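Okay, model.cif now, which holds mmCIF, C-alpha atoms (C1' of nucleotides):
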data_input
loop_
_atom_site.label_atom_id
_atom_site.label_comp_id
_atom_site.auth_asym_id
_atom_site.auth_seq_id
_atom_site.Cartn_x
_atom_site.Cartn_y
_atom_site.Cartn_z
CA MET A 256 75.87 6.34 -60.14
CA GLU A 257 76.89 7.03 -56.57
CA THR A 258 78.90 10.14 -55.85
CA GLN A 259 81.82 8.09 -54.58
CA GLU A 260 81.85 5.90 -57.67
CA LYS A 261 81.94 8.98 -59.88
CA ILE A 262 84.76 10.42 -57.86
CA ASN A 263 86.71 7.21 -58.21
CA PHE A 264 86.44 7.26 -61.99
CA ILE A 265 87.31 10.93 -62.11
CA THR A 266 90.33 10.79 -59.86
CA ARG A 267 91.96 7.43 -60.53
CA ASN A 268 95.38 7.40 -62.16
CA SER A 269 95.84 11.08 -61.46
CA GLN A 270 98.53 12.78 -59.48
CA GLU A 271 96.48 15.46 -57.78
CA ILE A 272 93.08 17.02 -57.65
CA LEU A 273 92.40 20.62 -56.69
CA THR A 274 90.40 20.03 -54.69
CA GLY A 275 88.61 16.80 -53.82
CA GLU A 276 86.30 18.80 -51.62
CA ASP A 277 85.34 21.11 -54.50
CA LEU A 278 84.64 18.15 -56.75
CA LYS A 279 82.42 16.51 -54.19
CA ASN A 280 80.44 19.71 -53.75
CA LEU A 281 79.90 20.06 -57.47
CA ILE A 282 78.50 16.57 -57.74
CA GLU A 283 76.38 16.86 -54.65
CA ASN A 284 74.76 20.14 -55.56
CA GLY A 285 73.89 18.79 -58.97
CA THR A 286 76.20 20.90 -61.11
CA GLU A 287 76.74 19.48 -64.56
CA LEU A 288 80.36 18.39 -64.81
CA ARG A 289 82.05 19.98 -67.78
CA HIS A 290 85.58 18.88 -68.54
CA TYR A 291 88.23 20.09 -70.91
CA ILE A 292 91.78 19.24 -71.84
CA GLY A 293 93.75 21.31 -74.31
CA PHE A 294 96.63 20.42 -76.58
CA GLU A 295 99.13 22.40 -78.53
CA ILE A 296 99.49 21.30 -82.11
CA SER A 297 103.15 20.53 -82.37
CA GLY A 298 104.70 17.18 -83.11
CA MET A 299 103.11 13.78 -83.28
CA VAL A 300 100.73 12.38 -80.71
CA HIS A 301 102.56 10.20 -78.24
CA LEU A 302 101.57 7.87 -75.41
CA GLY A 303 101.22 10.67 -72.90
CA THR A 304 98.55 12.37 -74.94
CA GLY A 305 97.09 9.36 -76.68
CA LEU A 306 96.92 6.88 -73.84
CA ILE A 307 97.29 8.73 -70.55
CA SER A 308 95.15 11.77 -71.39
CA MET A 309 92.62 10.08 -73.64
CA GLY A 310 92.31 7.15 -71.26
CA LYS A 311 91.43 9.64 -68.59
CA VAL A 312 88.82 11.16 -70.87
CA ALA A 313 87.30 7.68 -71.13
CA ASP A 314 87.17 7.62 -67.33
CA PHE A 315 85.41 10.97 -67.24
CA LEU A 316 82.82 9.78 -69.73
CA LYS A 317 82.12 6.78 -67.54
CA ALA A 318 81.40 9.18 -64.70
CA GLY A 319 78.95 11.06 -66.89
CA VAL A 320 81.16 14.09 -67.42
CA LYS A 321 80.78 16.16 -70.59
CA CYS A 322 84.19 16.15 -72.24
CA LYS A 323 85.72 18.77 -74.48
CA ILE A 324 89.01 18.46 -76.28
CA PHE A 325 90.46 21.82 -77.07
CA LEU A 326 92.76 22.01 -80.07
CA ALA A 327 94.89 24.97 -79.11
CA ASP A 328 95.81 26.54 -82.41
CA PHE A 329 96.34 30.04 -81.00
CA HIS A 330 98.51 28.70 -78.22
CA SER A 331 100.58 26.73 -80.69
CA TYR A 332 101.11 29.89 -82.67
CA LEU A 333 102.07 31.91 -79.61
CA ASN A 334 104.47 29.18 -78.55
CA ASN A 335 105.97 29.00 -82.01
CA LYS A 336 105.03 25.42 -82.71
CA LEU A 337 105.40 24.07 -86.23
CA GLY A 338 107.67 26.99 -86.97
CA GLY A 339 105.01 29.45 -85.84
CA ASN A 340 103.38 28.95 -89.20
CA TRP A 341 99.62 29.60 -89.02
CA GLU A 342 98.86 27.69 -92.14
CA ASN A 343 100.67 24.58 -91.00
CA ILE A 344 99.14 24.77 -87.55
CA ARG A 345 95.61 25.06 -88.91
CA TRP A 346 96.18 22.30 -91.37
CA ALA A 347 97.74 19.93 -88.84
CA THR A 348 95.03 20.59 -86.27
CA GLU A 349 92.26 19.35 -88.52
CA ASN A 350 94.04 16.76 -90.59
CA TYR A 351 96.52 15.19 -88.26
CA PHE A 352 96.17 16.05 -84.60
CA LYS A 353 92.42 15.65 -84.27
CA GLN A 354 92.63 12.43 -86.23
CA ALA A 355 95.29 11.08 -83.89
CA LEU A 356 93.15 11.89 -80.88
CA ILE A 357 90.14 10.17 -82.42
CA ALA A 358 92.37 7.17 -83.09
CA SER A 359 93.58 7.22 -79.48
CA LEU A 360 90.05 7.35 -78.11
CA LYS A 361 89.24 4.23 -80.09
CA CYS A 362 91.84 2.38 -78.03
CA PHE A 363 89.45 2.89 -75.12
CA GLY A 364 86.31 2.13 -77.07
CA VAL A 365 85.30 5.78 -77.23
CA GLU A 366 83.80 7.18 -80.42
CA GLU A 367 84.35 10.68 -81.74
CA SER A 368 80.69 11.58 -81.19
CA GLU A 369 81.02 11.08 -77.43
CA VAL A 370 83.34 14.06 -77.02
CA GLU A 371 83.41 17.58 -78.38
CA PHE A 372 86.41 18.85 -80.29
CA ILE A 373 86.85 22.58 -80.46
CA MET A 374 89.51 24.78 -82.01
CA GLY A 375 90.71 28.08 -80.65
CA LYS A 376 89.64 29.96 -83.73
CA ASP A 377 86.07 28.69 -83.37
CA LEU A 378 85.97 29.52 -79.69
CA TYR A 379 87.37 33.00 -80.08
CA GLU A 380 85.69 34.20 -83.23
CA ASN A 381 83.06 36.88 -82.54
CA ASN A 382 83.41 36.21 -78.85
CA LEU A 383 83.85 39.54 -77.13
CA THR A 384 83.29 37.97 -73.73
CA HIS A 385 86.33 35.81 -74.18
CA TRP A 386 88.58 38.76 -74.85
CA GLU A 387 87.08 40.67 -71.98
CA THR A 388 87.77 37.70 -69.74
CA PHE A 389 91.30 37.45 -71.11
CA MET A 390 91.96 41.01 -70.06
CA GLU A 391 90.20 40.66 -66.77
CA VAL A 392 92.40 37.69 -65.95
CA GLY A 393 95.38 39.85 -66.85
CA LYS A 394 94.29 42.43 -64.31
CA HIS A 395 94.52 39.85 -61.55
CA VAL A 396 97.90 38.41 -62.51
CA THR A 397 101.16 40.18 -61.77
CA LEU A 398 103.98 40.22 -64.27
CA SER A 399 106.23 38.11 -62.06
CA ARG A 400 103.49 35.56 -61.54
CA ASN A 401 102.87 35.43 -65.25
CA LEU A 402 106.56 35.07 -65.93
CA ARG A 403 106.73 32.09 -63.61
CA SER A 404 103.73 30.60 -65.32
CA ILE A 405 105.38 30.29 -68.70
CA SER A 406 106.81 26.99 -67.54
CA ILE A 407 103.50 25.63 -68.84
CA MET A 408 104.88 26.38 -72.30
CA GLY A 409 107.93 24.26 -71.66
CA LYS A 410 110.02 27.36 -71.08
CA GLY A 411 112.42 27.38 -68.17
CA GLN A 412 113.70 30.31 -66.22
CA GLY A 413 116.09 32.51 -68.11
CA THR A 414 114.64 31.77 -71.53
CA GLU A 415 114.05 34.79 -73.67
CA VAL A 416 110.45 35.84 -73.75
CA ASP A 417 108.57 37.94 -76.22
CA MET A 418 105.19 39.49 -75.54
CA ALA A 419 103.35 36.65 -77.25
CA THR A 420 104.77 34.32 -74.64
CA LEU A 421 103.24 36.48 -71.94
CA PHE A 422 99.82 36.34 -73.57
CA TYR A 423 99.76 32.59 -73.34
CA PRO A 424 99.05 31.87 -69.66
CA PRO A 425 96.15 34.33 -69.30
CA LEU A 426 94.73 33.08 -72.58
CA GLN A 427 94.73 29.53 -71.29
CA VAL A 428 93.08 30.67 -68.08
CA ALA A 429 90.44 32.62 -69.98
CA ASP A 430 89.68 29.53 -72.08
CA ILE A 431 88.42 27.75 -68.97
CA PHE A 432 85.88 30.46 -68.21
CA THR A 433 84.87 30.97 -71.80
CA MET A 434 84.10 27.28 -72.19
CA LYS A 435 82.44 27.26 -68.76
CA VAL A 436 84.57 24.33 -67.73
CA ASN A 437 84.48 23.23 -64.10
CA LEU A 438 86.85 20.30 -64.51
CA ALA A 439 90.19 21.32 -65.99
CA HIS A 440 92.35 18.36 -66.89
CA ALA A 441 96.04 18.32 -67.87
CA GLY A 442 99.46 16.97 -67.06
CA MET A 443 101.30 18.15 -63.98
CA ASP A 444 103.27 20.54 -66.17
CA GLN A 445 100.11 22.64 -66.62
CA ARG A 446 99.24 23.10 -62.97
CA LYS A 447 100.45 26.69 -62.79
CA ALA A 448 97.77 27.78 -65.25
CA HIS A 449 95.09 25.95 -63.35
CA VAL A 450 96.19 27.37 -60.04
CA VAL A 451 95.99 30.86 -61.52
CA ALA A 452 92.53 30.05 -62.86
CA ARG A 453 91.44 28.93 -59.41
CA SER A 454 92.84 31.93 -57.62
CA VAL A 455 91.35 34.37 -60.11
CA ALA A 456 87.96 32.64 -60.40
CA LYS A 457 86.09 34.34 -57.60
CA LYS A 458 87.32 37.78 -58.62
CA LEU A 459 85.88 37.66 -62.11
CA VAL A 460 82.79 39.73 -62.78
CA ILE A 461 82.42 39.55 -66.54
CA ASN A 462 82.01 35.83 -67.05
CA PRO A 463 82.55 33.93 -63.82
CA LEU A 464 82.08 30.20 -63.43
CA LEU A 465 78.90 29.29 -61.55
CA ASN A 466 77.60 26.13 -59.92
CA ALA A 467 74.03 24.88 -60.05
CA LYS A 468 73.09 27.18 -57.20
CA GLY A 469 74.46 30.22 -59.00
CA ASP A 470 77.50 30.71 -56.74
CA LYS A 471 80.85 31.73 -58.17
CA ILE A 472 83.20 28.77 -58.06
CA ALA A 473 86.77 27.92 -58.97
CA PRO A 474 87.29 25.19 -61.55
CA VAL A 475 88.40 21.84 -60.17
CA ALA A 476 91.76 20.83 -61.58
CA ILE A 477 92.88 17.26 -62.24
CA HIS A 478 96.51 16.63 -63.01
CA GLN A 479 98.13 13.47 -64.22
CA ASN A 480 101.75 12.49 -63.96
CA LEU A 481 103.80 13.02 -67.05
CA ILE A 482 104.64 9.79 -68.76
CA ALA A 483 108.33 8.96 -68.81
CA GLY A 484 110.24 9.22 -72.05
CA LEU A 485 112.40 6.44 -73.41
CA GLY A 486 115.64 8.09 -72.48
CA GLY A 487 115.69 8.09 -68.72
CA PRO A 488 116.91 10.96 -66.60
CA GLU A 489 119.13 13.47 -68.32
CA GLY A 490 122.47 13.97 -66.67
CA ASN A 491 122.01 14.38 -62.95
CA GLU A 492 118.61 16.00 -63.24
CA ASN A 493 116.66 13.36 -61.46
CA SER A 494 113.27 14.93 -61.70
CA GLU A 495 109.99 13.83 -63.20
CA ILE A 496 110.21 16.63 -65.71
CA SER A 497 113.55 15.46 -67.06
CA LEU A 498 111.93 12.09 -67.70
CA LYS A 499 109.10 13.53 -69.73
CA MET A 500 108.10 12.01 -73.01
CA SER A 501 108.13 14.91 -75.41
CA LYS A 502 106.67 15.53 -78.82
CA SER A 503 109.54 17.81 -79.58
CA LYS A 504 112.02 15.04 -78.83
CA PRO A 505 110.84 12.30 -81.17
CA GLU A 506 113.55 9.97 -79.97
CA SER A 507 112.05 10.06 -76.49
CA ALA A 508 108.57 9.09 -77.58
CA ILE A 509 106.38 6.29 -78.83
CA PHE A 510 103.59 7.53 -81.06
CA VAL A 511 100.08 6.17 -81.18
CA HIS A 512 100.47 5.16 -84.81
CA ASP A 513 103.86 3.48 -84.50
CA SER A 514 104.05 0.06 -86.12
CA PRO A 515 104.58 -3.06 -83.98
CA ASP A 516 108.21 -3.19 -85.03
CA GLU A 517 108.76 0.47 -84.23
CA ILE A 518 107.23 -0.10 -80.82
CA ARG A 519 109.45 -3.13 -80.17
CA ASN A 520 112.59 -1.31 -81.29
CA LYS A 521 111.86 1.81 -79.30
CA ILE A 522 111.02 -0.07 -76.13
CA LYS A 523 114.12 -2.17 -76.51
CA LYS A 524 116.21 0.97 -76.61
CA ALA A 525 114.55 2.47 -73.55
CA TYR A 526 116.50 3.24 -70.43
CA GLY A 527 116.18 0.24 -68.16
CA PRO A 528 118.57 -0.01 -65.22
CA PRO A 529 118.29 -3.42 -63.55
CA LYS A 530 117.01 -3.54 -59.97
CA ILE A 531 116.56 0.21 -59.84
CA VAL A 532 113.03 1.38 -59.34
CA GLU A 533 113.46 5.14 -59.12
CA PHE A 534 113.12 7.16 -62.33
CA ASN A 535 112.62 3.98 -64.25
CA PRO A 536 110.52 4.47 -67.39
CA LEU A 537 109.62 0.79 -67.60
CA LEU A 538 107.98 0.72 -64.19
CA ASN A 539 106.45 4.12 -64.83
CA TRP A 540 104.71 2.70 -67.91
CA VAL A 541 103.59 -0.45 -66.16
CA LYS A 542 102.19 1.54 -63.28
CA THR A 543 100.41 4.36 -65.09
CA LEU A 544 99.67 2.80 -68.46
CA ILE A 545 99.10 -0.88 -67.91
CA PHE A 546 97.82 -0.92 -64.33
CA TRP A 547 96.23 2.50 -64.75
CA GLY A 548 97.23 3.59 -61.30
CA GLU A 549 95.47 0.65 -59.64
CA GLU A 550 97.06 -1.93 -57.35
CA THR A 551 95.72 -4.82 -59.35
CA GLY A 552 95.63 -5.53 -63.06
CA GLU A 553 97.35 -7.94 -65.36
CA LEU A 554 100.61 -8.18 -67.20
CA LYS A 555 101.93 -11.33 -68.76
CA ILE A 556 105.67 -11.83 -69.02
CA GLU A 557 106.78 -14.29 -71.63
CA ARG A 558 110.37 -15.47 -71.41
CA PRO A 559 112.47 -18.55 -72.05
CA GLU A 560 112.53 -21.28 -69.42
CA LYS A 561 116.15 -20.62 -68.59
CA PHE A 562 115.21 -17.14 -67.44
CA GLY A 563 112.31 -18.31 -65.32
CA GLY A 564 109.58 -19.08 -67.85
CA ASP A 565 106.29 -17.27 -68.34
CA VAL A 566 104.58 -15.56 -65.46
CA VAL A 567 101.41 -13.50 -65.05
CA TYR A 568 101.46 -10.62 -62.62
CA THR A 569 98.21 -9.35 -61.16
CA LYS A 570 99.60 -6.90 -58.62
CA TYR A 571 101.73 -3.92 -59.50
CA MET A 572 103.80 -4.19 -56.32
CA ASP A 573 104.78 -7.75 -57.18
CA ILE A 574 106.31 -6.46 -60.39
CA GLU A 575 108.15 -3.68 -58.63
CA ASN A 576 109.44 -6.03 -55.94
CA ASP A 577 110.60 -8.68 -58.38
CA TYR A 578 112.28 -6.02 -60.47
CA LYS A 579 114.04 -4.66 -57.44
CA SER A 580 115.29 -8.09 -56.39
CA GLY A 581 116.44 -8.93 -59.89
CA LYS A 582 113.91 -11.72 -60.36
CA LEU A 583 112.40 -9.75 -63.20
CA PHE A 584 114.98 -8.84 -65.82
CA PRO A 585 114.54 -5.52 -67.67
CA LEU A 586 114.47 -7.04 -71.15
CA ASP A 587 111.73 -9.49 -70.19
CA LEU A 588 109.67 -6.63 -68.83
CA LYS A 589 110.37 -4.60 -71.96
CA ASN A 590 109.11 -7.36 -74.20
CA ALA A 591 105.94 -7.61 -72.16
CA ILE A 592 105.37 -3.85 -72.29
CA ALA A 593 105.96 -3.76 -76.03
CA GLU A 594 103.48 -6.54 -76.70
CA TRP A 595 100.92 -4.94 -74.41
CA LEU A 596 101.30 -1.65 -76.25
CA ILE A 597 101.00 -3.30 -79.63
CA VAL A 598 97.66 -4.77 -78.63
CA LYS A 599 96.43 -1.63 -76.88
CA LEU A 600 97.27 0.62 -79.82
CA LYS A 601 95.84 -1.64 -82.50
CA PRO A 602 92.59 0.35 -82.88
CA ALA A 603 94.68 3.49 -83.47
CA ARG A 604 96.84 1.81 -86.10
CA ASP A 605 93.76 0.42 -87.78
CA TYR A 606 92.17 3.85 -87.87
CA PHE A 607 95.20 5.35 -89.55
CA GLU A 608 95.15 2.49 -92.01
CA GLU A 609 91.44 2.62 -92.84
CA ASN A 610 90.56 6.30 -92.64
CA LYS A 611 91.78 8.19 -95.65
CA GLN A 612 91.88 11.62 -94.02
CA ALA A 613 93.89 10.24 -91.11
CA LYS A 614 96.22 8.27 -93.33
CA ASP A 615 96.96 11.17 -95.65
CA GLY A 616 97.22 13.52 -92.70
CA LEU A 617 99.85 11.37 -91.05
CA ALA A 618 101.84 11.09 -94.26
CA LYS A 619 101.85 14.85 -94.76
CA MET A 620 102.60 15.46 -91.12
CA ARG A 621 105.70 13.30 -91.45
CA GLU A 622 106.78 15.40 -94.42
CA LEU A 623 106.08 18.58 -92.53
CA LEU A 624 108.22 17.47 -89.63
CA GLY A 625 110.93 16.39 -92.01
CA LYS A 626 111.04 12.69 -91.30
"C1'" C B 214 115.79 57.80 -82.96
"C1'" C B 215 121.13 57.66 -80.74
"C1'" A B 216 125.32 54.81 -78.53
"C1'" G B 217 127.90 50.36 -76.94
"C1'" C B 218 127.97 45.14 -77.42
"C1'" G B 219 126.40 40.88 -79.96
"C1'" G B 220 124.28 37.40 -84.03
"C1'" U B 221 128.79 30.51 -85.59
"C1'" G B 222 126.10 23.77 -87.57
"C1'" A B 223 119.77 20.54 -83.75
"C1'" C B 224 121.85 23.03 -79.17
"C1'" C B 225 126.04 25.20 -76.38
"C1'" G B 226 130.54 27.40 -77.55
"C1'" A B 227 136.09 28.83 -78.97
"C1'" A B 228 140.13 30.34 -82.02
"C1'" C B 229 141.92 32.35 -86.37
"C1'" G B 230 142.66 36.38 -92.74
"C1'" G B 231 144.18 30.62 -95.75
"C1'" U B 232 144.46 23.66 -92.92
"C1'" U B 233 138.38 19.44 -89.33
"C1'" A B 234 137.80 23.59 -82.84
"C1'" G B 235 135.56 21.25 -78.94
"C1'" G B 236 131.37 19.76 -76.20
"C1'" U B 237 126.12 18.17 -75.84
"C1'" G B 238 122.37 15.76 -78.42
"C1'" G B 239 121.21 12.19 -82.51
"C1'" C B 240 122.66 7.76 -85.28
"C1'" A B 241 125.69 3.10 -85.82
"C1'" G B 242 129.05 -0.48 -83.71
"C1'" U B 243 131.83 -3.03 -79.46
"C1'" C B 244 130.87 -4.67 -74.41
"C1'" U B 245 127.19 -6.51 -70.95
"C1'" G B 246 120.77 -11.70 -71.54
"C1'" U B 247 117.84 -4.94 -72.12
"C1'" A B 248 119.04 -0.09 -71.74
"C1'" A B 249 122.51 3.15 -69.40
"C1'" A B 250 127.84 4.01 -68.56
"C1'" A B 251 132.57 3.28 -71.21
"C1'" C B 252 135.11 2.93 -75.87
"C1'" U B 253 134.98 3.50 -81.46
"C1'" G B 254 132.92 5.60 -85.70
"C1'" U B 255 129.37 9.02 -87.63
"C1'" U B 256 126.33 13.52 -87.98
"C1'" U B 257 124.65 19.10 -95.06
"C1'" U B 258 133.01 22.03 -93.32
"C1'" G B 259 128.47 25.96 -90.56
"C1'" A B 260 129.03 31.29 -89.92
"C1'" G B 261 121.89 36.89 -89.65
"C1'" C B 262 121.19 39.12 -94.85
"C1'" A B 263 123.36 41.97 -99.14
"C1'" G B 264 127.56 43.88 -101.10
"C1'" G B 265 132.93 45.19 -100.90
"C1'" U B 266 138.44 44.65 -99.89
"C1'" U B 267 141.79 40.32 -100.72
"C1'" C B 268 145.18 35.32 -104.43
"C1'" G B 269 141.97 33.79 -100.18
"C1'" A B 270 137.02 36.04 -95.05
"C1'" C B 271 133.54 33.14 -90.05
"C1'" U B 272 137.64 36.47 -89.19
"C1'" C B 273 138.63 43.33 -92.25
"C1'" C B 274 135.09 47.38 -94.48
"C1'" U B 275 129.96 49.41 -95.82
"C1'" G B 276 124.67 48.99 -95.64
"C1'" C B 277 120.49 46.49 -93.80
"C1'" C B 278 117.87 43.07 -90.34
"C1'" C B 279 117.40 41.04 -85.42
"C1'" G B 280 118.72 40.86 -80.02
"C1'" C B 281 120.73 42.83 -75.31
"C1'" U B 282 122.13 47.17 -72.35
"C1'" G B 283 121.96 52.27 -71.75
"C1'" G B 284 120.20 56.91 -73.47
"C1'" A B 285 116.70 60.15 -76.05
"C1'" C B 286 111.27 61.22 -76.46
"C1'" C B 287 106.85 61.25 -73.23
"C1'" A B 288 108.31 64.81 -68.32
#

Now, as a test, write the supplied structure out as structure tokens.
Amino acid sequence: METQEKINFITRNSQEILTGEDLKNLIENGTELRHYIGFEISGMVHLGTGLISMGKVADFLKAGVKCKIFLADFHSYLNNKLGGNWENIRWATENYFKQALIASLKCFGVEESEVEFIMGKDLYENNLTHWETFMEVGKHVTLSRNLRSISIMGKGQGTEVDMATLFYPPLQVADIFTMKVNLAHAGMDQRKAHVVARSVAKKLVINPLLNAKGDKIAPVAIHQNLIAGLGGPEGNENSEISLKMSKSKPESAIFVHDSPDEIRNKIKKAYGPPKIVEFNPLLNWVKTLIFWGEETGELKIERPEKFGGDVVYTKYMDIENDYKSGKLFPLDLKNAIAEWLIVKLKPARDYFEENKQAKDGLAKMRELLGK
RNA sequence: CCAGCGGUGACCGAACGGUUAGGUGGCAGUCUGUAAAACUGUUUUGAGCAGGUUCGACUCCUGCCCGCUGGACCA
């Protein structure tokens, strides 16, 4: 595969890459591309994780990248997920979260064997180098920098922090070097950690990241936009972050194992201001999920004759323009999105139906979360 | 370890020795060919923990736990 073709697969439907130049160099000097994306084990797996992130993993695989999915049990514990209960975190990692990711990958035709899953406890156990790297990273990060970085944990300024919170960012940075990852992948909310990793990379002496020529390099970072939640912007906070689909806000999210009716109901209730294109979850989904960041693709709108009859869009901009002019009514677009999702997520639903571990895991996870 | 202040329902946040604070969020309904907004209704009458005083305590007292600020120790 040509370098440019690889780069296209690697970078499409992403918000930024740090840096394109670095990526090109890696490919051209024959360095094996090693990717990773990490997830906290908290609530249920939603579209952002299941479709946006896992879809990107499918892209990486197409480009011949080795992909690792890091199940961040330690990070979940530090960030007090699932009540900060070790037992629940460990259980959910294996029996629910990993299963949901496998199910999500199936939506892109990717099998479990094509990627590597790894848990924090397996990475850290008997790994002195990791802990040395963790501390070495700490030596190159100031307290104020670290404090700013805790936004990667979903903590805003002014939140109370305990020491465990402060361990989190350097731990995440150390993970990259311990796994020898040169392609760090995450949502835009994680960029602070990756930027720290890049700025610290060349200073490390214990376990630096090397390219094929043996030079110290900084990991390339790929960030995707956060998928919009169902609720629309909160109050007057018109920012991408306020739109975020969040595991911890179940009412804002569609989960990969939702039933067709749940999907229809949730989409129907989504924020959908007519003719307004900014901060509009519907268009956000069409753009990043259905068209996968490309100009062309396909979305079929089915609607009664009196509202214009069926139409097939093949260009994203046509959808946006028709929406803006009012030719495309929000509900009609919603119905189309819901049906598209139902089809796209079918392999995931089937997996949760057919695989006993996944099925039981989901049932217990629901209990655990009190639903 | 010492001192001051504080710990209220998912979250924020008042008053008060004795009747539902209120707000946000969530849910349901009305209204719009969706949603939002608006309006209506609704959400384990909750009080860090353990005792005590009282006819009655979230409200007073004691102890403990946790947090913040300052001090002490290190110097």

- 10 Å contacts from chain B to chain A using all atoms listed in the file, as JSON, numbers by chain: {"B": [239, 246, 247, 248, 249, 280]}

- Item | Contacts of Pro463 (chain A) within 7 Å, all atoms listed in the file, excl. fewer than 6 positions in-chain, as a PyMOL selection string | chain A and resi 432+456+471

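Compared by their closest atoms to Lys542 (chain A), and using all atoms listed in the file, the residues A:Val511, A:Met408, A:Ile597, A:Ile307 rank with A:Ile307 nearest.
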
Excluding Gly339 (chain A) and any residue of its chain fewer than 5 positions from it, enumerate the residues within 12 Å of it, using all atoms listed in the file, and give them as a tab-separated table (two decimals) with C-alpha atoms, in the frame of the given file.
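Wrote around05.tsv, looks like this:
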chain	number	residue	atom	x	y	z
A	295	GLU	CA	99.13	22.40	-78.53
A	296	ILE	CA	99.49	21.30	-82.11
A	297	SER	CA	103.15	20.53	-82.37
A	328	ASP	CA	95.81	26.54	-82.41
A	329	PHE	CA	96.34	30.04	-81.00
A	330	HIS	CA	98.51	28.70	-78.22
A	331	SER	CA	100.58	26.73	-80.69
A	332	TYR	CA	101.11	29.89	-82.67
A	333	LEU	CA	102.07	31.91	-79.61
A	334	ASN	CA	104.47	29.18	-78.55
A	344	ILE	CA	99.14	24.77	-87.55
A	345	ARG	CA	95.61	25.06	-88.91
A	419	ALA	CA	103.35	36.65	-77.25

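If all atoms listed in the file are the atoms counted, then among A:Glu371, A:Asp314, A:Glu608, A:Asp513 the closest residue to Leu596 (chain A) is A:Asp513.
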
- Item | Residue neighbourhood Trp540 (chain A), 8 Å, all atoms listed in the file, exclusion window fewer than 4 positions, as a VMD selection string | chain A and resid 482 to 483 536 544 to 545 592

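CA of Glu391 (chain A) is found 12.9 Å from CA of Ser454 (chain A).
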